[in-house]
file target08.txt (compact mmCIF, C-alpha atoms)
# COMPACT_ATOMS: atom_id res chain seq x y z
CA MET Y 1 0.00 0.00 0.00
CA ALA Y 2 1.06 3.57 -0.61
CA GLU Y 3 2.30 5.56 2.32
CA ILE Y 4 2.05 9.27 3.11
CA VAL Y 5 5.62 10.09 4.07
CA SER Y 6 5.46 13.87 4.46
CA VAL Y 7 2.85 16.60 4.67
CA LEU Y 8 3.69 20.23 4.23
CA ALA Y 9 2.06 23.59 3.51
CA LEU Y 10 3.74 26.73 2.25
CA ALA Y 11 3.19 30.12 0.64
CA HIS Y 12 3.56 30.45 -3.11
CA ALA Y 13 3.52 34.23 -3.65
CA PRO Y 14 5.21 35.28 -6.92
CA GLY Y 15 7.43 37.92 -5.33
CA ALA Y 16 9.59 35.10 -3.94
CA THR Y 17 10.89 34.45 -7.45
CA GLY Y 18 9.76 37.58 -9.28
CA TRP Y 19 11.16 40.45 -7.19
CA LEU Y 20 12.81 38.99 -4.10
CA ASP Y 21 15.65 41.53 -4.41
CA LYS Y 22 13.17 44.25 -3.45
CA ALA Y 23 12.73 42.72 0.02
CA PRO Y 24 15.18 43.72 2.76
CA ALA Y 25 18.11 41.36 3.28
CA HIS Y 26 16.76 39.88 6.52
CA GLU Y 27 13.49 38.96 4.81
CA GLN Y 28 15.30 37.40 1.85
CA GLU Y 29 17.52 35.33 4.15
CA ALA Y 30 14.65 34.14 6.33
CA LEU Y 31 12.54 33.25 3.32
CA LEU Y 32 15.28 31.33 1.51
CA ALA Y 33 16.24 29.53 4.72
CA GLY Y 34 12.59 28.67 5.27
CA TYR Y 35 12.09 27.25 1.79
CA ALA Y 36 15.38 25.35 2.14
CA ALA Y 37 14.16 23.78 5.39
CA MET Y 38 10.91 22.80 3.70
CA ALA Y 39 12.89 21.24 0.84
CA ASP Y 40 15.08 19.32 3.32
CA HIS Y 41 11.99 17.96 5.02
CA LEU Y 42 10.46 16.91 1.71
CA TRP Y 43 13.62 15.21 0.41
CA ALA Y 44 14.28 13.44 3.72
CA SER Y 45 10.95 11.69 3.24
CA LYS Y 46 12.15 10.27 -0.13
CA PRO Y 47 8.90 10.94 -2.00
CA ASP Y 48 8.03 9.12 -5.22
CA VAL Y 49 5.19 11.52 -5.97
CA ILE Y 50 3.76 14.77 -4.64
CA VAL Y 51 0.00 15.19 -4.31
CA GLY Y 52 -0.46 18.95 -4.30
CA VAL Y 53 -3.45 21.02 -3.24
CA ALA Y 54 -3.58 24.69 -4.20
CA ASN Y 55 -5.87 27.51 -5.15
CA ASP Y 56 -6.78 27.89 -8.80
CA HIS Y 57 -6.31 31.61 -9.38
CA LEU Y 58 -9.29 31.80 -11.74
CA LEU Y 59 -6.96 30.52 -14.44
CA ASN Y 60 -8.47 27.17 -15.41
CA PHE Y 61 -12.19 27.33 -14.74
CA ARG Y 62 -14.47 29.94 -16.21
CA MET Y 63 -16.91 31.51 -13.83
CA ASP Y 64 -19.82 29.56 -15.32
CA ASN Y 65 -18.54 26.35 -13.78
CA ILE Y 66 -15.97 26.35 -10.97
CA PRO Y 67 -15.37 23.07 -9.15
CA ASP Y 68 -14.40 22.99 -5.47
CA TRP Y 69 -11.61 20.58 -6.36
CA CYS Y 70 -10.22 19.40 -9.69
CA VAL Y 71 -7.62 16.63 -9.95
CA GLY Y 72 -5.08 16.82 -12.76
CA ILE Y 73 -4.86 13.31 -14.22
CA GLY Y 74 -2.46 14.11 -17.10
CA ASP Y 75 0.87 12.36 -17.71
CA ARG Y 76 2.96 15.52 -18.06
CA TRP Y 77 2.59 19.10 -16.83
CA LYS Y 78 4.05 22.31 -18.20
CA GLY Y 79 4.50 25.64 -16.53
CA PRO Y 80 4.38 28.52 -16.05
CA SER Y 81 1.36 29.45 -18.17
CA PRO Y 82 2.85 31.83 -20.80
CA TRP Y 83 1.43 35.15 -19.58
CA PHE Y 84 2.66 34.39 -16.05
CA ARG Y 85 6.28 33.56 -17.00
CA ASP Y 86 7.58 37.11 -16.71
CA TRP Y 87 5.57 37.68 -13.56
CA VAL Y 88 6.97 34.68 -11.64
CA ASN Y 89 10.32 34.97 -13.42
CA ILE Y 90 10.59 31.21 -13.83
CA ALA Y 91 11.79 29.53 -17.04
CA PRO Y 92 9.49 27.01 -18.73
CA TYR Y 93 9.62 23.62 -17.02
CA GLU Y 94 7.92 20.26 -17.26
CA VAL Y 95 7.12 17.72 -14.59
CA ASP Y 96 5.61 14.24 -14.79
CA GLY Y 97 2.12 13.57 -13.56
CA HIS Y 98 0.87 10.30 -12.07
CA ARG Y 99 -2.24 9.24 -13.92
CA ALA Y 100 -3.00 6.07 -12.01
CA LEU Y 101 -2.85 7.68 -8.59
CA ALA Y 102 -4.76 10.74 -9.81
CA ARG Y 103 -7.53 8.58 -11.20
CA ALA Y 104 -7.65 6.60 -7.96
CA ILE Y 105 -8.06 9.86 -6.03
CA VAL Y 106 -11.04 10.81 -8.21
CA GLN Y 107 -12.67 7.40 -7.89
CA GLY Y 108 -11.90 6.86 -4.22
CA SER Y 109 -13.13 10.32 -3.29
CA ALA Y 110 -16.38 9.75 -5.18
CA GLN Y 111 -16.91 6.53 -3.23
CA ARG Y 112 -16.48 8.55 -0.04
CA GLY Y 113 -18.85 11.38 -0.92
CA PHE Y 114 -16.63 13.88 -2.72
CA GLY Y 115 -17.38 14.47 -6.39
CA LEU Y 116 -14.13 15.87 -7.71
CA ALA Y 117 -13.70 17.32 -11.16
CA PHE Y 118 -10.71 16.08 -13.13
CA ALA Y 119 -8.69 17.46 -16.02
CA GLU Y 120 -6.24 16.19 -18.60
CA THR Y 121 -4.56 19.62 -18.87
CA LEU Y 122 -4.22 22.50 -16.42
CA GLU Y 123 -2.44 25.83 -16.64
CA PHE Y 124 0.05 26.46 -13.82
CA ASP Y 125 0.88 29.90 -12.45
CA ASP Y 126 2.55 30.76 -9.15
CA ASN Y 127 0.49 28.09 -7.37
CA TRP Y 128 2.91 25.29 -8.40
CA SER Y 129 5.71 27.15 -10.17
CA VAL Y 130 7.01 28.95 -7.08
CA PRO Y 131 6.96 26.04 -4.58
CA LEU Y 132 8.42 23.60 -7.12
CA HIS Y 133 11.18 26.10 -7.92
CA PHE Y 134 12.32 25.98 -4.30
CA LEU Y 135 11.46 22.40 -3.33
CA THR Y 136 12.12 20.34 -6.46
CA PRO Y 137 14.13 22.67 -8.72
CA GLN Y 138 14.97 19.80 -11.09
CA HIS Y 139 11.25 19.01 -11.36
CA ASP Y 140 12.13 15.37 -10.86
CA VAL Y 141 9.31 14.31 -8.53
CA PRO Y 142 6.00 13.58 -10.28
CA LEU Y 143 3.09 15.81 -9.30
CA VAL Y 144 -0.63 15.17 -8.99
CA PRO Y 145 -2.00 18.73 -8.94
CA ILE Y 146 -5.34 19.27 -7.21
CA HIS Y 147 -6.66 22.74 -7.98
CA MET Y 148 -9.24 24.08 -5.57
CA ASN Y 149 -11.61 27.01 -5.40
CA CYS Y 150 -10.47 29.35 -2.65
CA VAL Y 151 -11.41 32.69 -4.22
CA MET Y 152 -14.80 32.48 -5.93
CA PRO Y 153 -17.57 32.21 -3.30
CA PRO Y 154 -19.11 29.99 -2.30
CA VAL Y 155 -15.84 28.31 -1.39
CA PRO Y 156 -15.79 25.04 0.56
CA SER Y 157 -16.08 25.65 4.31
CA PRO Y 158 -13.23 24.86 6.70
CA ALA Y 159 -15.20 21.80 7.86
CA ARG Y 160 -15.59 20.62 4.27
CA CYS Y 161 -11.87 21.11 3.60
CA LEU Y 162 -10.96 19.08 6.67
CA ALA Y 163 -13.40 16.36 5.61
CA PHE Y 164 -11.87 16.29 2.12
CA GLY Y 165 -8.38 16.12 3.58
CA ARG Y 166 -9.33 13.04 5.61
CA VAL Y 167 -10.76 11.39 2.50
CA LEU Y 168 -7.69 12.30 0.46
CA GLY Y 169 -5.42 10.78 3.11
CA GLU Y 170 -7.55 7.65 3.26
CA VAL Y 171 -7.63 7.24 -0.52
CA ILE Y 172 -3.86 7.69 -0.87
CA ARG Y 173 -3.17 5.17 1.91
CA ALA Y 174 -5.57 2.71 0.27
CA TRP Y 175 -3.81 3.01 -3.10
CA PRO Y 176 -2.37 -0.44 -3.89
CA GLY Y 177 0.88 0.95 -5.31
CA SER Y 178 4.08 1.09 -3.26
CA GLU Y 179 4.59 4.85 -3.73
CA ARG Y 180 5.90 7.10 -1.02
CA VAL Y 181 3.57 10.11 -1.24
CA ALA Y 182 4.18 13.67 -0.11
CA VAL Y 183 1.13 15.90 0.38
CA MET Y 184 1.90 19.54 -0.31
CA ALA Y 185 -0.57 22.40 0.17
CA THR Y 186 0.38 25.78 -1.24
CA GLY Y 187 -1.11 29.23 -0.72
CA GLY Y 188 -1.49 32.04 1.78
CA LEU Y 189 -0.79 33.45 4.19
CA SER Y 190 -2.47 36.85 4.42
CA HIS Y 191 -2.45 38.81 1.18
CA ASP Y 192 -4.94 40.87 -0.73
CA PRO Y 193 -4.38 40.86 -4.48
CA GLY Y 194 -6.98 43.21 -5.94
CA GLY Y 195 -8.19 44.66 -2.67
CA PRO Y 196 -7.55 47.70 -0.50
CA LYS Y 197 -4.92 45.81 1.53
CA TYR Y 198 -2.70 45.18 -1.51
CA PHE Y 199 0.32 46.59 0.32
CA GLU Y 200 -0.49 45.12 3.74
CA VAL Y 201 0.16 41.87 5.58
CA ASP Y 202 -1.95 40.81 8.58
CA GLU Y 203 0.79 39.39 10.78
CA ALA Y 204 -1.51 38.92 13.80
CA PHE Y 205 -3.92 36.83 11.74
CA ASP Y 206 -1.11 34.78 10.19
CA ARG Y 207 0.53 33.97 13.51
CA GLY Y 208 -2.86 33.14 15.02
CA PHE Y 209 -3.61 30.83 12.09
CA MET Y 210 -0.32 28.97 12.41
CA ASP Y 211 -0.77 28.71 16.18
CA LEU Y 212 -4.25 27.30 15.61
CA LEU Y 213 -2.98 24.62 13.24
CA ALA Y 214 -0.17 23.86 15.66
CA THR Y 215 -2.79 22.67 18.16
CA GLY Y 216 -3.80 19.84 15.82
CA ASP Y 217 -7.31 20.36 17.18
CA SER Y 218 -9.54 20.24 14.11
CA GLU Y 219 -12.73 20.87 16.10
CA ARG Y 220 -11.18 24.09 17.29
CA VAL Y 221 -10.10 24.95 13.74
CA GLU Y 222 -13.70 24.48 12.58
CA ARG Y 223 -14.95 26.61 15.46
CA GLU Y 224 -12.46 29.47 15.24
CA LEU Y 225 -11.57 29.77 11.57
CA SER Y 226 -14.31 31.25 9.37
CA ILE Y 227 -14.27 32.31 5.75
CA GLU Y 228 -15.29 35.78 6.96
CA ARG Y 229 -12.24 36.01 9.20
CA MET Y 230 -9.94 34.99 6.37
CA VAL Y 231 -11.59 37.47 4.00
CA ALA Y 232 -11.08 40.20 6.58
CA ALA Y 233 -7.35 39.39 6.65
CA GLY Y 234 -7.05 39.90 2.88
CA ASP Y 235 -10.00 39.51 0.60
CA GLY Y 236 -8.48 38.18 -2.58
CA GLY Y 237 -5.86 35.79 -1.25
CA THR Y 238 -5.93 34.77 2.40
CA VAL Y 239 -8.70 32.21 1.81
CA GLU Y 240 -6.07 30.14 -0.02
CA LEU Y 241 -5.23 28.88 3.47
CA LEU Y 242 -8.14 26.44 3.08
CA ALA Y 243 -5.61 24.25 1.27
CA TRP Y 244 -3.61 24.03 4.51
CA LEU Y 245 -6.66 22.49 6.21
CA VAL Y 246 -6.75 19.77 3.57
CA ALA Y 247 -3.10 19.02 4.39
CA MET Y 248 -3.73 19.02 8.14
CA ALA Y 249 -6.54 16.50 7.78
CA ALA Y 250 -4.60 14.36 5.29
CA ALA Y 251 -1.92 14.20 7.98
CA GLY Y 252 -4.48 12.73 10.35
CA ASP Y 253 -5.57 15.92 12.19
CA ARG Y 254 -2.16 16.21 13.78
CA PRO Y 255 -0.42 19.29 15.17
CA GLY Y 256 1.46 21.26 12.56
CA GLU Y 257 4.94 22.57 13.19
CA SER Y 258 5.82 26.05 12.01
CA VAL Y 259 9.00 26.09 9.92
CA PHE Y 260 9.17 29.77 8.99
CA TYR Y 261 7.14 32.94 8.84
CA VAL Y 262 8.13 36.19 7.13
CA PRO Y 263 5.54 38.96 6.92
CA SER Y 264 6.74 40.72 3.78
CA VAL Y 265 5.13 43.89 2.46
CA PRO Y 266 7.61 44.03 -0.46
CA LEU Y 267 6.40 40.56 -1.49
CA ARG Y 268 2.82 41.62 -0.66
CA CYS Y 269 2.24 38.41 1.35
CA GLY Y 270 2.65 36.72 4.67
CA MET Y 271 5.17 34.06 3.66
CA GLY Y 272 5.32 30.93 5.77
CA GLY Y 273 5.61 27.18 5.87
CA MET Y 274 4.46 24.36 8.12
CA ILE Y 275 5.10 20.62 8.30
CA TRP Y 276 3.24 17.80 9.98
CA ASN Y 277 5.34 15.21 11.74
CA LEU Y 278 3.93 11.77 11.01
CA PRO Y 279 4.20 8.59 13.08
CA GLN Y 280 7.08 6.41 11.86
CA MET C 1 -16.11 45.24 -4.45
CA GLY C 2 -14.52 42.13 -3.04
CA ILE C 3 -14.79 38.41 -3.69
CA MET C 4 -18.27 38.25 -2.13
CA GLN C 5 -19.52 40.96 -4.53
CA THR C 6 -18.11 39.38 -7.70
CA ASP C 7 -20.62 39.24 -10.56
CA ARG C 8 -19.87 35.90 -12.20
CA THR C 9 -21.90 36.71 -15.30
CA LEU C 10 -20.30 40.13 -15.94
CA PRO C 11 -18.88 40.11 -19.49
CA SER C 12 -15.66 41.80 -18.27
CA ASN C 13 -14.87 38.79 -16.10
CA ARG C 14 -15.03 36.48 -19.10
CA LEU C 15 -12.94 38.84 -21.22
CA ILE C 16 -10.15 39.08 -18.63
CA PHE C 17 -10.26 35.35 -17.96
CA GLU C 18 -9.74 34.52 -21.62
CA VAL C 19 -7.24 37.27 -22.46
CA ARG C 20 -4.84 35.91 -19.83
CA ARG C 21 -4.97 32.44 -21.37
CA ASP C 22 -4.75 33.34 -25.07
CA PRO C 23 -1.81 35.16 -26.73
CA ALA C 24 -3.95 36.11 -29.75
CA LEU C 25 -6.48 37.79 -27.48
CA ARG C 26 -3.67 39.60 -25.62
CA GLU C 27 -2.46 40.96 -28.94
CA ARG C 28 -5.98 42.13 -29.67
CA PHE C 29 -6.30 43.65 -26.18
CA THR C 30 -3.43 45.93 -27.19
CA SER C 31 -4.29 46.54 -30.84
CA ASP C 32 -8.11 46.51 -30.87
CA LEU C 33 -9.53 46.87 -27.36
CA GLU C 34 -12.75 48.45 -28.67
CA GLY C 35 -13.45 45.56 -31.03
CA LEU C 36 -12.61 43.02 -28.35
CA MET C 37 -14.94 44.68 -25.83
CA ALA C 38 -17.72 44.76 -28.43
CA ASP C 39 -17.25 41.06 -29.21
CA TYR C 40 -17.54 40.16 -25.53
CA GLY C 41 -20.67 42.27 -25.10
CA LEU C 42 -19.31 44.65 -22.48
CA SER C 43 -21.73 47.36 -21.33
CA GLU C 44 -20.86 50.98 -21.97
CA PRO C 45 -19.82 51.54 -18.30
CA GLU C 46 -17.52 48.51 -18.54
CA ARG C 47 -15.98 49.82 -21.78
CA ARG C 48 -15.45 53.26 -20.27
CA ALA C 49 -13.72 51.68 -17.27
CA PHE C 50 -11.30 49.76 -19.52
CA ARG C 51 -10.59 52.82 -21.66
CA GLU C 52 -9.75 54.84 -18.57
CA ILE C 53 -8.16 51.87 -16.73
CA ASP C 54 -10.65 52.70 -13.97
CA ILE C 55 -9.79 49.78 -11.71
CA ARG C 56 -12.09 50.86 -8.92
CA ALA C 57 -15.07 51.11 -11.28
CA LEU C 58 -14.35 47.61 -12.62
CA GLY C 59 -14.28 46.33 -9.04
CA ASP C 60 -17.51 48.13 -8.18
CA MET C 61 -19.20 46.54 -11.20
CA GLY C 62 -18.26 43.06 -9.99
CA VAL C 63 -14.95 42.22 -11.64
CA HIS C 64 -13.24 39.67 -9.40
CA PRO C 65 -10.58 41.33 -7.21
CA TYR C 66 -7.98 38.87 -8.42
CA PHE C 67 -8.35 40.28 -11.95
CA LEU C 68 -7.91 43.94 -10.98
CA PRO C 69 -4.10 44.11 -10.62
CA GLN C 70 -3.94 41.80 -13.63
CA VAL C 71 -5.68 44.47 -15.69
CA THR C 72 -2.94 46.94 -14.80
CA ARG C 73 -0.38 44.27 -15.74
CA LEU C 74 -2.10 43.76 -19.10
CA PHE C 75 -1.64 47.47 -19.77
CA LYS C 76 1.78 48.01 -18.16
CA GLY C 77 3.53 44.64 -18.25
CA ALA C 78 3.72 41.80 -15.73
CA GLY C 79 7.48 41.40 -15.25
CA TYR C 80 9.31 42.53 -12.11
CA ASN C 81 6.00 43.45 -10.48
CA HIS C 82 7.41 44.96 -7.26
CA ASN C 83 5.59 47.65 -5.32
CA GLN C 84 7.23 50.50 -7.25
CA SER C 85 6.66 48.89 -10.65
CA GLU C 86 4.54 50.74 -13.16
CA ALA C 87 1.73 48.15 -12.94
CA ALA C 88 1.62 48.11 -9.13
CA GLN C 89 1.80 51.88 -8.90
CA LEU C 90 -0.98 52.28 -11.45
CA TYR C 91 -3.11 49.91 -9.36
CA ALA C 92 -2.33 51.89 -6.22
CA ARG C 93 -3.19 55.20 -7.86
CA LYS C 94 -6.46 53.97 -9.30
CA MET C 95 -7.48 52.37 -6.00
CA ASN C 96 -6.33 55.41 -4.09
CA ILE C 97 -4.06 53.39 -1.79
CA GLN C 98 -0.38 53.66 -0.97
CA GLU C 99 2.31 51.27 0.14
call {"tool": "encode", "arguments": {"input": "target08.txt", "output": "structure tokens"}}
result
Amino acid sequence: MAEIVSVLALAHAPGATGWLDKAPAHEQEALLAGYAAMADHLWASKPDVIVGVANDHLLNFRMDNIPDWCVGIGDRWKGPSPWFRDWVNIAPYEVDGHRALARAIVQGSAQRGFGLAFAETLEFDDNWSVPLHFLTPQHDVPLVPIHMNCVMPPVPSPARCLAFGRVLGEVIRAWPGSERVAVMATGGLSHDPGGPKYFEVDEAFDRGFMDLLATGDSERVERELSIERMVAAGDGGTVELLAWLVAMAAAGDRPGESVFYVPSVPLRCGMGGMIWNLPQ
Amino acid sequence: MGIMQTDRTLPSNRLIFEVRRDPALRERFTSDLEGLMADYGLSEPERRAFREIDIRALGDMGVHPYFLPQVTRLFKGAGYNHNQSEAAQLYARKMNIQE
């Protein structure tokens, strides 16, 4: 049976690759050290495949039909989507998919009450391009991308995201292959692309959010974390943190461990990362 | 304005969505914005907002917030999009906010 060998969540804001030199030196150092620590954690788990969960920035699904989750089942992925190349400042890359596991996620989730969309092709922007640049710069670990709706209400509730994360974990562990699977959520923390807080970061919210996930108490997460609270911390972007709840639940509702946090106005985002330590 | 006030059926939302994905449409956005807006059925207030790069008006009409800074990038370029970049500063000016 497949095994989940690491679970992590991290910010993917484009400034990290697009204009990092505009951040003060201490922010650059903390951010690069943070991403390096996340990469070390990922590689130490010797993953055969990454199952990723991240916001779709209204890039793949027109507003007439936006799924809560859509699993990429293709054999090969390309990024960044052309118009976003200059923005993220990342050269074109390709990474393998994992069709069999992706299809099993769609089927297994359906059997457990989650009707996921699926797609043969998906455009990638900062959601995968930035984290892969730092974590798997050779793009040599296959990726099953799961795009989710975090920005076009109604978005799935925190409770729904936790429930999906549990199902995702269960389906991966039930997969008959021998793969070592990393689960990687990307997005957040507070940022407000297209809102009045474009040049602000809500550090108090971000630290509170990471502290909340560090409790590993999903009932408390459901109770204390609302969509409204996330919207208040940055309308257009902070809700991406729903992906972190999927990761937390896939890890078995365990306490997360903060790896780094850099509130960066020059990058227009609260940049952070968290891992979940799994039983050996 | 805001994600909760987004008007999913607003023609501007479909135009921006597709322009970002299609190089031919991006070329047309630059060379024939009027024709493009007519083809997508934008209302006169929407067309005026694009002509004047009136980001706030687009937001008030229900353009998704995520698209608003992207509109300034479509006009001013997306590369090296730091806070002092032309695109970010245009967004700030039109939204009447400052870093």
call {"tool": "residues_around", "arguments": {"input": "target08.txt", "residues": "range 270-275 of chain Y", "least_positions_apart": "2", "cutoff": "7 Å", "atoms": "all atoms listed in the file", "output": "mmCIF file with C-alpha atoms, keeping the file's coordinate frame"}}
result
data_model
loop_
_atom_site.group_PDB
_atom_site.id
_atom_site.type_symbol
_atom_site.label_atom_id
_atom_site.label_comp_id
_atom_site.auth_asym_id
_atom_site.auth_seq_id
_atom_site.Cartn_x
_atom_site.Cartn_y
_atom_site.Cartn_z
ATOM 1 C CA VAL Y 7 2.850 16.600 4.670
ATOM 2 C CA LEU Y 8 3.690 20.230 4.230
ATOM 3 C CA ALA Y 9 2.060 23.590 3.510
ATOM 4 C CA LEU Y 10 3.740 26.730 2.250
ATOM 5 C CA ALA Y 11 3.190 30.120 0.640
ATOM 6 C CA GLY Y 188 -1.490 32.040 1.780
ATOM 7 C CA LEU Y 189 -0.790 33.450 4.190
ATOM 8 C CA SER Y 190 -2.470 36.850 4.420
ATOM 9 C CA HIS Y 191 -2.450 38.810 1.180
ATOM 10 C CA VAL Y 201 0.160 41.870 5.580
ATOM 11 C CA GLU Y 203 0.790 39.390 10.780
ATOM 12 C CA ASP Y 206 -1.110 34.780 10.190
ATOM 13 C CA GLY Y 256 1.460 21.260 12.560
ATOM 14 C CA GLU Y 257 4.940 22.570 13.190
ATOM 15 C CA SER Y 258 5.820 26.050 12.010
ATOM 16 C CA VAL Y 259 9.000 26.090 9.920
ATOM 17 C CA PHE Y 260 9.170 29.770 8.990
ATOM 18 C CA TYR Y 261 7.140 32.940 8.840
ATOM 19 C CA VAL Y 262 8.130 36.190 7.130
ATOM 20 C CA PRO Y 263 5.540 38.960 6.920
ATOM 21 C CA SER Y 264 6.740 40.720 3.780
ATOM 22 C CA ASN Y 277 5.340 15.210 11.740
#
call {"tool": "interface_residues", "arguments": {"input": "target08.txt", "of": "chain C", "to": "chain Y", "cutoff": "7 Å", "atoms": "only C-alpha atoms", "output": "PyMOL selection string"}}
result
chain C and resi 2-4+8+17+20+65-69+78-83+97+99
call {"tool": "write_last_selection", "arguments": {"input": "target08.txt", "atoms": "C-alpha atoms", "output": "compact mmCIF listing (two decimals), in the frame of the given file"}}
result
# COMPACT_ATOMS: atom_id res chain seq x y z
CA GLY C 2 -14.52 42.13 -3.04
CA ILE C 3 -14.79 38.41 -3.69
CA MET C 4 -18.27 38.25 -2.13
CA ARG C 8 -19.87 35.90 -12.20
CA PHE C 17 -10.26 35.35 -17.96
CA ARG C 20 -4.84 35.91 -19.83
CA PRO C 65 -10.58 41.33 -7.21
CA TYR C 66 -7.98 38.87 -8.42
CA PHE C 67 -8.35 40.28 -11.95
CA LEU C 68 -7.91 43.94 -10.98
CA PRO C 69 -4.10 44.11 -10.62
CA ALA C 78 3.72 41.80 -15.73
CA GLY C 79 7.48 41.40 -15.25
CA TYR C 80 9.31 42.53 -12.11
CA ASN C 81 6.00 43.45 -10.48
CA HIS C 82 7.41 44.96 -7.26
CA ASN C 83 5.59 47.65 -5.32
CA ILE C 97 -4.06 53.39 -1.79
CA GLU C 99 2.31 51.27 0.14
call {"tool": "closest_residue", "arguments": {"input": "target08.txt", "among": "C:Ser31, C:Val71, C:Ser43, C:Gln98", "to": "Gly59 in chain C", "atoms": "all atoms listed in the file"}}
result
C:Val71
call {"tool": "axis_aligned_box", "arguments": {"input": "target08.txt", "around": "range 138-145 of chain Y", "padding_each_side": "3 Å", "output": "lines of an AutoDock Vina configuration file"}}
result
center_x = 6.5
center_y = 16.7
center_z = -9.9
size_x = 23.0
size_y = 12.2
size_z = 8.8
call {"tool": "atom_distance", "arguments": {"input": "target08.txt", "atom1": "CA of Pro255 in chain Y", "atom2": "CA of Ser226 in chain Y"}}
result
19.2 Å
call {"tool": "atom_distance", "arguments": {"input": "target08.txt", "atom1": "CA of Leu42 in chain C", "atom2": "CA of Ser12 in chain C"}}
result
6.3 Å
call {"tool": "atom_distance", "arguments": {"input": "target08.txt", "atom1": "CA of Glu222 in chain Y", "atom2": "CA of Val246 in chain Y"}}
result
12.3 Å
call {"tool": "residues_around", "arguments": {"input": "target08.txt", "residues": "range 172-185 of chain Y", "least_positions_apart": "6", "cutoff": "6 Å", "atoms": "only C-alpha atoms", "output": "MDAnalysis selection string"}}
result
chainID Y and resid 1:9 47:54 243:244 247
call {"tool": "closest_residue", "arguments": {"input": "target08.txt", "among": "Y:Leu212, Y:Leu242, Y:Val171, Y:Arg166", "to": "Met148 in chain Y", "atoms": "all atoms listed in the file"}}
result
Y:Leu242
call {"tool": "decode", "arguments": {"input": "target08.txt", "residues": "range 12-52 of chain C", "atoms": "C-alpha atoms", "output": "compact mmCIF listing (two decimals), in the first residue's frame"}}
result
# COMPACT_ATOMS: atom_id res chain seq x y z
CA SER C 12 -15.66 41.80 -18.27
CA ASN C 13 -14.87 38.79 -16.10
CA ARG C 14 -15.03 36.48 -19.10
CA LEU C 15 -12.94 38.84 -21.22
CA ILE C 16 -10.15 39.08 -18.63
CA PHE C 17 -10.26 35.35 -17.96
CA GLU C 18 -9.74 34.52 -21.62
CA VAL C 19 -7.24 37.27 -22.46
CA ARG C 20 -4.84 35.91 -19.83
CA ARG C 21 -4.97 32.44 -21.37
CA ASP C 22 -4.75 33.34 -25.07
CA PRO C 23 -1.81 35.16 -26.73
CA ALA C 24 -3.95 36.11 -29.75
CA LEU C 25 -6.48 37.79 -27.48
CA ARG C 26 -3.67 39.60 -25.62
CA GLU C 27 -2.46 40.96 -28.94
CA ARG C 28 -5.98 42.13 -29.67
CA PHE C 29 -6.30 43.65 -26.18
CA THR C 30 -3.43 45.93 -27.19
CA SER C 31 -4.29 46.54 -30.84
CA ASP C 32 -8.11 46.51 -30.87
CA LEU C 33 -9.53 46.87 -27.36
CA GLU C 34 -12.75 48.45 -28.67
CA GLY C 35 -13.45 45.56 -31.03
CA LEU C 36 -12.61 43.02 -28.35
CA MET C 37 -14.94 44.68 -25.83
CA ALA C 38 -17.72 44.76 -28.43
CA ASP C 39 -17.25 41.06 -29.21
CA TYR C 40 -17.54 40.16 -25.53
CA GLY C 41 -20.67 42.27 -25.10
CA LEU C 42 -19.31 44.65 -22.48
CA SER C 43 -21.73 47.36 -21.33
CA GLU C 44 -20.86 50.98 -21.97
CA PRO C 45 -19.82 51.54 -18.30
CA GLU C 46 -17.52 48.51 -18.54
CA ARG C 47 -15.98 49.82 -21.78
CA ARG C 48 -15.45 53.26 -20.27
CA ALA C 49 -13.72 51.68 -17.27
CA PHE C 50 -11.30 49.76 -19.52
CA ARG C 51 -10.59 52.82 -21.66
CA GLU C 52 -9.75 54.84 -18.57
